[in-house]
Structures are given as C-alpha cells and as structure tokens.
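Engineer: Can you read through this structure? Questions will come right after.
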Amino acid sequence: MSAIRLKQKSEFAAQSIPLPSSKSESNRVLVIDALTEGKNQISNLAEARDTQTMIRLLSKDPPVYDVLDAGTTMRFLTAYTAITNRQKVMTGTDRMCQRPIGILVDALRSVGADVHYLGIEGYPPLAINGFTEQNESKISIRGDVSSQYISAMLMIAPLLPKGLELELEGKVGSRTYIEMTLELMAQFGINYTWEDRVIKIPHQSYQSTTFAVESDWSGASYWFSLLACADAGSFFLEGLKENSLQGDSKIVEIMDCLGVKSSFKPGGVLLQKQNVTGLKEFDFTHCPDLAQTVAVTCVILGQNAKFSGLESLRIKETDRIFALQQELAKFNANLVERENEVFEVIPSATMPREVTIETYDDHRMAMAFMPLISKTDVIIKDPRVVNKSYPSFWKHCQGLGIATETLSDE
C-alpha cells in the first residue's frame, strides 16, 4: 500500500473514539519497570511501534538493540544498558543514525559509562560496554536540544551509587516531558527535588507498584483538529484525564481558541463545536509534537498565527519545519521564518480539489494533514507511517464515516 485517498467530509455525527495509550508514558514505565526489583503490574501499554519495539528488546535482550526509528527507545535504552552493565550495540534506521546523541553519551561517560561511537562521532550506532564506577555525581546537560536525554539520565539516576545532581543549562524545552518522567518515577517510590535549574536524585531503589497508562493526548490532537475544521459534529475521546502528566494536553487550551469546547466527563473528554476566537501566537517549547497539527488547523481555518519554540522540530523523524513548508505550499499556504526563531503561519485563500501529502517517514505528518478532508479530498502517501504511534488511526477515521480508498503501488 503506497497511498490512501480520503474523501471530503465536513459533518460528523456524535462519535466515541477509543484512543491509543500514551507512547511517552509507556516507554518511560517500561524502562522503570526493567529497573525495578520485584514485579510491577503494568496495564494499557501503547500499541505504538516504538513501544512494541521497546517491549521486544527488553524481553528478548539481543546483543544488538535495533530500535528501528524510535528515538525514545534509542535514548532510554542507551542509558538503561549502561547502568545495568550490559554489552550492547545500539543502532536503528538510517534516519535514526542521523539523529544526534552526543549530549547523552557525554553525560553517561561523565558518570562512568563506557560508550563508543561505531561510526560518526556524536551519532549512532554505539557500542556500550557497561558501567565501571561512578566518576561524577554532579553533571550539567543542555535543556534546549531534547528532553529525552534528560529523562534518560533521570531514570537511571537512582541506581547510580552516588545518586545524581543534574543541572539544566540554557533554555529548557519540553519541560512537561521532564516533569512526566519525574512524576512517574515518584509513583514507583523515587524521591527527588527540583529547585531552580537543579534536579537532585539520591541513590535509592524503585518500588514495585500497579500502574495503568493513560490514553495519548498527542493522538487526541488530530481529532481536536478535525472537529475544529469541520462544519458540525461532536467527539468523545476515551481514556483522557483532566490532570494529565502529558504536556500535549495543552491542546485543550489551544483548541479552545480555534473552535473546540472540551468538557471532561467520567471516562474521557467531550469535544463540541464553538465559535473561533483566534490563536494569535503560541509557544510550543513544551509541547512541540502539537506544532504540525495546530499549523494545519490554523491554515484550514484561515487563521494567521505566530509560533515559537519550534527548534527541536528539525531533529525529529524528519526536519518537520521543512516538511511543513513543502506540504503547505501545495495549497498556497506557508510557514515563514521571521526574526528570533518565530514562525508565521500564512493560510491559503483557495483550496484545490485534491491535495497529495508526502509524509517524510513521519507519522505526525500523515495525521496532522488528515483534517484537510473538511475542505477537499486528500491523498496521504505511505499511510503506514502512523504505526509508529497510532496503528489504528485509519480504522478510527473509517469509524467516523470517512471514506477511504487504498491506492496500490504504481
């Protein structure tokens, strides 16, 4: 299957959508579970390919950890492998081996891990030869590149003989993901302090517990977007909590400006149409995975908006800024870089009868552009990319009455 055609549809009956589980929570809990002495009761793990890759590698424990295209799996398992004194090769897809990991490797080396590059300095593949003795208990790490480096170090910190005092340098991006990591650790018995820019975690043991993973707010964002762009409808998104650990729950606040009212009910959240008040600007520093979705939504609604905090988008599954600019241009819209790393979303006055969207091996490109069906027919290239985080996405589209047609390889 090389592409899928989605037929235009702008009105929806009231529907309930069974969202996938959070990939972010699942991958953290799996590492914590592997580091815990005793037996945890973990339920509702994500069906996402990234999470299933993590489960497979942890359970089968092969000599080579091939993480495919899973960034969190690469970073978290690199730290896990080092602290558990294992000898492994860490590798992945060609794109995965183009994504930097030097900041994490430097941090691991500073606390006593033996890690070597097998190719280009600063990038996978890696050879990990375990952990000797702790050299440092106080380290600094940049906060403006990837919170996953920080989370990886935090999760192994309790097992370090001297604990860890980690100072965050510069601007801290995706802070909510760091908070998620620490809160999940706390639910497994870990004590920590975070004062100003310093996180302190003493040497201690994880305690076994029972934990159920929440539904995925990133996956929820596409249904917020679809309803915002539609003429009529309402959706009930199952399994979401009002007081979520996930930073992407910010979509409630964003979409309140773009025409979606959220009402939390037992078992999830009800989405209903309301007037668009407009989103003039938004800082995505702590929820960068929402940027593509919100950019497309603004374009469809004819809303100019200014975005900041997009720096990390260039080192994701693809250069997401470039990818957005290329695909928005297909219907005369744009994402224009202004001064001081601010980007302006410029909508289109017209929409073609059909738009073909390239996905760049990026699951979020496929799902973020789906709401274009509210205005036109859409062809999504390589629709299987959604398997990375939301394998049932197209099935859920069909459940909403969206007509889909599989296009075979030419």
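Labeling convention for the structure tokens: chains A, B, ... as they appear, residues from 1 per chain, ligands from 1 in order of appearance.
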Find the residues near region 108-117 of chain A: any atom within 6 Å, counting only C-alpha atoms, skip ones fewer than 5 places away on the same chain, and give them as a VMD selection string.
Structural biologist: chain A and resid 82 126 to 136
Engineer: Pick out the residues sitting within 9 Å of Leu6 (chain A), and hand them over as a VMD selection string; count only C-alpha atoms, and ignore anything fewer than 3 positions along from it in its own chain.
Structural biologist: chain A and resid 9 370 373 376 to 380 402 to 405
Engineer: Since we have the selection now, will you write its residues out, keeping N, CA and C atoms, as a PDB file, in the first residue's frame?
Structural biologist:
ATOM      1  N   LYS A   9     -15.181  15.250   3.799  1.00  0.00           N
ATOM      2  CA  LYS A   9     -16.300  15.091   4.730  1.00  0.00           C
ATOM      3  C   LYS A   9     -16.207  16.205   5.764  1.00  0.00           C
ATOM      4  N   MET A 370      -4.516  15.072   7.878  1.00  0.00           N
ATOM      5  CA  MET A 370      -5.801  14.417   7.665  1.00  0.00           C
ATOM      6  C   MET A 370      -6.986  15.391   7.706  1.00  0.00           C
ATOM      7  N   ILE A 373      -9.522  16.948   4.970  1.00  0.00           N
ATOM      8  CA  ILE A 373     -10.729  16.359   4.378  1.00  0.00           C
ATOM      9  C   ILE A 373     -11.960  17.220   4.634  1.00  0.00           C
ATOM     10  N   THR A 376     -11.434  19.282   1.253  1.00  0.00           N
ATOM     11  CA  THR A 376     -11.107  18.696  -0.046  1.00  0.00           C
ATOM     12  C   THR A 376     -10.763  17.220   0.107  1.00  0.00           C
ATOM     13  N   ASP A 377     -10.622  16.514  -1.021  1.00  0.00           N
ATOM     14  CA  ASP A 377     -10.115  15.147  -0.985  1.00  0.00           C
ATOM     15  C   ASP A 377      -8.612  15.187  -0.698  1.00  0.00           C
ATOM     16  N   VAL A 378      -8.120  14.178   0.019  1.00  0.00           N
ATOM     17  CA  VAL A 378      -6.708  14.159   0.402  1.00  0.00           C
ATOM     18  C   VAL A 378      -6.112  12.788   0.100  1.00  0.00           C
ATOM     19  N   ILE A 379      -4.944  12.777  -0.531  1.00  0.00           N
ATOM     20  CA  ILE A 379      -4.166  11.550  -0.696  1.00  0.00           C
ATOM     21  C   ILE A 379      -2.977  11.629   0.256  1.00  0.00           C
ATOM     22  N   ILE A 380      -2.845  10.616   1.108  1.00  0.00           N
ATOM     23  CA  ILE A 380      -1.730  10.543   2.051  1.00  0.00           C
ATOM     24  C   ILE A 380      -0.771   9.463   1.583  1.00  0.00           C
ATOM     25  N   ILE A 402     -15.499   8.436   7.386  1.00  0.00           N
ATOM     26  CA  ILE A 402     -14.617   8.977   6.351  1.00  0.00           C
ATOM     27  C   ILE A 402     -14.338   7.881   5.328  1.00  0.00           C
ATOM     28  N   ALA A 403     -14.713   8.126   4.086  1.00  0.00           N
ATOM     29  CA  ALA A 403     -14.494   7.141   3.018  1.00  0.00           C
ATOM     30  C   ALA A 403     -13.019   7.083   2.663  1.00  0.00           C
ATOM     31  N   THR A 404     -12.463   5.890   2.669  1.00  0.00           N
ATOM     32  CA  THR A 404     -11.038   5.710   2.354  1.00  0.00           C
ATOM     33  C   THR A 404     -10.884   4.742   1.189  1.00  0.00           C
ATOM     34  N   GLU A 405      -9.873   5.008   0.391  1.00  0.00           N
ATOM     35  CA  GLU A 405      -9.563   4.152  -0.755  1.00  0.00           C
ATOM     36  C   GLU A 405      -8.074   3.879  -0.776  1.00  0.00           C
TER      37      GLU A 405
END
Engineer: What gap, in Å, lies between CA of Leu166 (chain A) and CA of Ile139 (chain A)?
Structural biologist: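 We find that CA of Leu166 (chain A) and CA of Ile139 (chain A) lie 5.2 Å from each other.
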Engineer: Identify, on the basis of only C-alpha atoms, every residue whose closest approach to region 187-202 of chain A does not exceed 10 Å; exclude the query and any residue fewer than 3 positions from it along the same chain; express the result as a ChimeraX atom specification.
Structural biologist: /A:29,32-33,36,40,137-140,143,154-170,172,179,182-184,205-211
Engineer: So which one's closest to Leu400 (chain A), A:Leu227, A:Val105, A:Leu313, A:Ile141? Using only C-alpha atoms, please.
Structural biologist: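 Nearest to Leu400 (chain A): A:Leu227.
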Engineer: What's around region 212-214 of chain A at 8 Å? Count only C-alpha atoms, leave out sequence neighbours fewer than 4 positions away in its own chain, and write the answer as a PDB file with C-alpha atoms, in the first residue's frame.
Structural biologist:
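Okay, result.pdb is ready:
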ATOM      1  CA  SER A  21      -2.384   4.593  25.028  1.00  0.00           C
ATOM      2  CA  SER A  22       0.361   7.144  25.587  1.00  0.00           C
ATOM      3  CA  GLU A  25       4.188   7.199  29.384  1.00  0.00           C
ATOM      4  CA  SER A  26       4.544   3.609  28.133  1.00  0.00           C
ATOM      5  CA  ILE A  42       1.589  -2.511  34.276  1.00  0.00           C
ATOM      6  CA  SER A  43      -1.523  -2.219  32.107  1.00  0.00           C
ATOM      7  CA  ASN A  44      -2.729  -0.411  28.986  1.00  0.00           C
ATOM      8  CA  LEU A  45       0.681  -0.177  27.306  1.00  0.00           C
ATOM      9  CA  ALA A  46       0.701   1.546  23.921  1.00  0.00           C
ATOM     10  CA  GLY A 239      -9.359   7.485  28.433  1.00  0.00           C
ATOM     11  CA  LEU A 240      -8.119  11.059  28.907  1.00  0.00           C
ATOM     12  CA  LYS A 241      -7.620  12.690  32.310  1.00  0.00           C
TER      13      LYS A 241
END
Engineer: Show me, as a list in words, the residues that have an atom within 10 Å of Met351 (chain A) when counting only C-alpha atoms, minus same-chain residues fewer than 5 positions from it.
Structural biologist: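 Here the qualifying residues turn out to be Ile300, Lys330, Phe331, Asn332, Ala333, Leu372, Lys375 and Thr376 of chain A.
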Engineer: Write the residues you've just listed into a file as a PDB file, in the first residue's frame, and include C-alpha atoms for each of them.
Structural biologist:
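Wrote selection-v4.pdb, looks like this:
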ATOM      1  CA  ILE A 300      -7.664  25.401   7.231  1.00  0.00           C
ATOM      2  CA  LYS A 330       0.741  22.577  -2.184  1.00  0.00           C
ATOM      3  CA  PHE A 331      -2.356  24.588  -1.315  1.00  0.00           C
ATOM      4  CA  ASN A 332      -0.706  28.024  -1.314  1.00  0.00           C
ATOM      5  CA  ALA A 333      -0.161  28.236   2.437  1.00  0.00           C
ATOM      6  CA  LEU A 372      -7.845  18.718   5.204  1.00  0.00           C
ATOM      7  CA  LYS A 375     -12.307  21.065   2.678  1.00  0.00           C
ATOM      8  CA  THR A 376     -11.107  18.696  -0.046  1.00  0.00           C
TER       9      THR A 376
END
Engineer: Any idea what's packed within 8 Å of Lys316 (chain A), counting only C-alpha atoms, ignoring anything in its chain fewer than 4 positions away? Could you give it as an MDAnalysis selection string?
Structural biologist: chainID A and resid 99 312 320
Engineer: Please identify all polymer residues within 10 Å of Ser221 (chain A), counting only C-alpha atoms, omitting same-chain residues fewer than 3 positions from it, and present them as a list in words.
Structural biologist: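 Near neighbours after the sequence-gap exclusion: Asp216, Trp217, Ser218, Phe224, Ser225, Leu226, Asp248, Ser249, Lys250, Ile251, Val252, Met255, Asp289, Leu290, Thr293, Val294, Met367 and Ala368 of chain A.
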Engineer: Store the residues of this selection in a file with C-alpha atoms, as a PDB file, in the first residue's frame.
Structural biologist:
ATOM      1  CA  ASP A 216      -2.448   9.542  24.325  1.00  0.00           C
ATOM      2  CA  TRP A 217      -3.018  13.302  24.162  1.00  0.00           C
ATOM      3  CA  SER A 218      -0.813  13.562  21.054  1.00  0.00           C
ATOM      4  CA  PHE A 224      -9.491  18.157  18.090  1.00  0.00           C
ATOM      5  CA  SER A 225      -8.171  19.487  14.784  1.00  0.00           C
ATOM      6  CA  LEU A 226     -10.718  17.618  12.668  1.00  0.00           C
ATOM      7  CA  ASP A 248       0.262  17.639  24.901  1.00  0.00           C
ATOM      8  CA  SER A 249      -2.880  18.104  26.995  1.00  0.00           C
ATOM      9  CA  LYS A 250      -2.179  21.770  26.146  1.00  0.00           C
ATOM     10  CA  ILE A 251      -4.252  21.024  23.041  1.00  0.00           C
ATOM     11  CA  VAL A 252      -7.338  21.790  25.174  1.00  0.00           C
ATOM     12  CA  MET A 255      -8.257  24.441  20.524  1.00  0.00           C
ATOM     13  CA  ASP A 289       4.602  17.496  18.888  1.00  0.00           C
ATOM     14  CA  LEU A 290       1.464  19.642  18.600  1.00  0.00           C
ATOM     15  CA  THR A 293      -1.374  19.736  13.967  1.00  0.00           C
ATOM     16  CA  VAL A 294      -2.001  23.321  15.041  1.00  0.00           C
ATOM     17  CA  MET A 367      -2.129  12.535  10.861  1.00  0.00           C
ATOM     18  CA  ALA A 368      -1.720  16.310  11.050  1.00  0.00           C
TER      19      ALA A 368
END
Engineer: Pull the alpha helix (DSSP H) assignments for region 223-398 of chain A out of DSSP run on the backbone, and list those residues as a PyMOL selection string.
Structural biologist: chain A and resi 223-229+251-257+291-301+320-328+363-369+393-398
Engineer: DSSP on the backbone: which residues in region 230-269 of chain A end up as strand (DSSP E or B)? Give the answer as number ranges by chain.
Structural biologist: A: 232, 234-238, 260-265, 268-269
Engineer: Which of these, A:Thr277, A:Ser24, A:Asn304, A:Thr51, has the shortest distance to Asn387 (chain A) once you count only C-alpha atoms?
Structural biologist: A:Thr51
Engineer: One decimal, in Å: what's the spacing between CA of Glu311 (chain A) and CA of Arg142 (chain A)?
Structural biologist: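 According to the coordinates, CA of Glu311 (chain A) and CA of Arg142 (chain A) are separated by 13.6 Å.
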Engineer: Could you jot down the CA of Ala152 (chain A) to CA of Gly247 (chain A) separation for me, Å, one decimal place?
Structural biologist: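 So the two atoms, CA of Ala152 (chain A) and CA of Gly247 (chain A), lie 17.5 Å apart.
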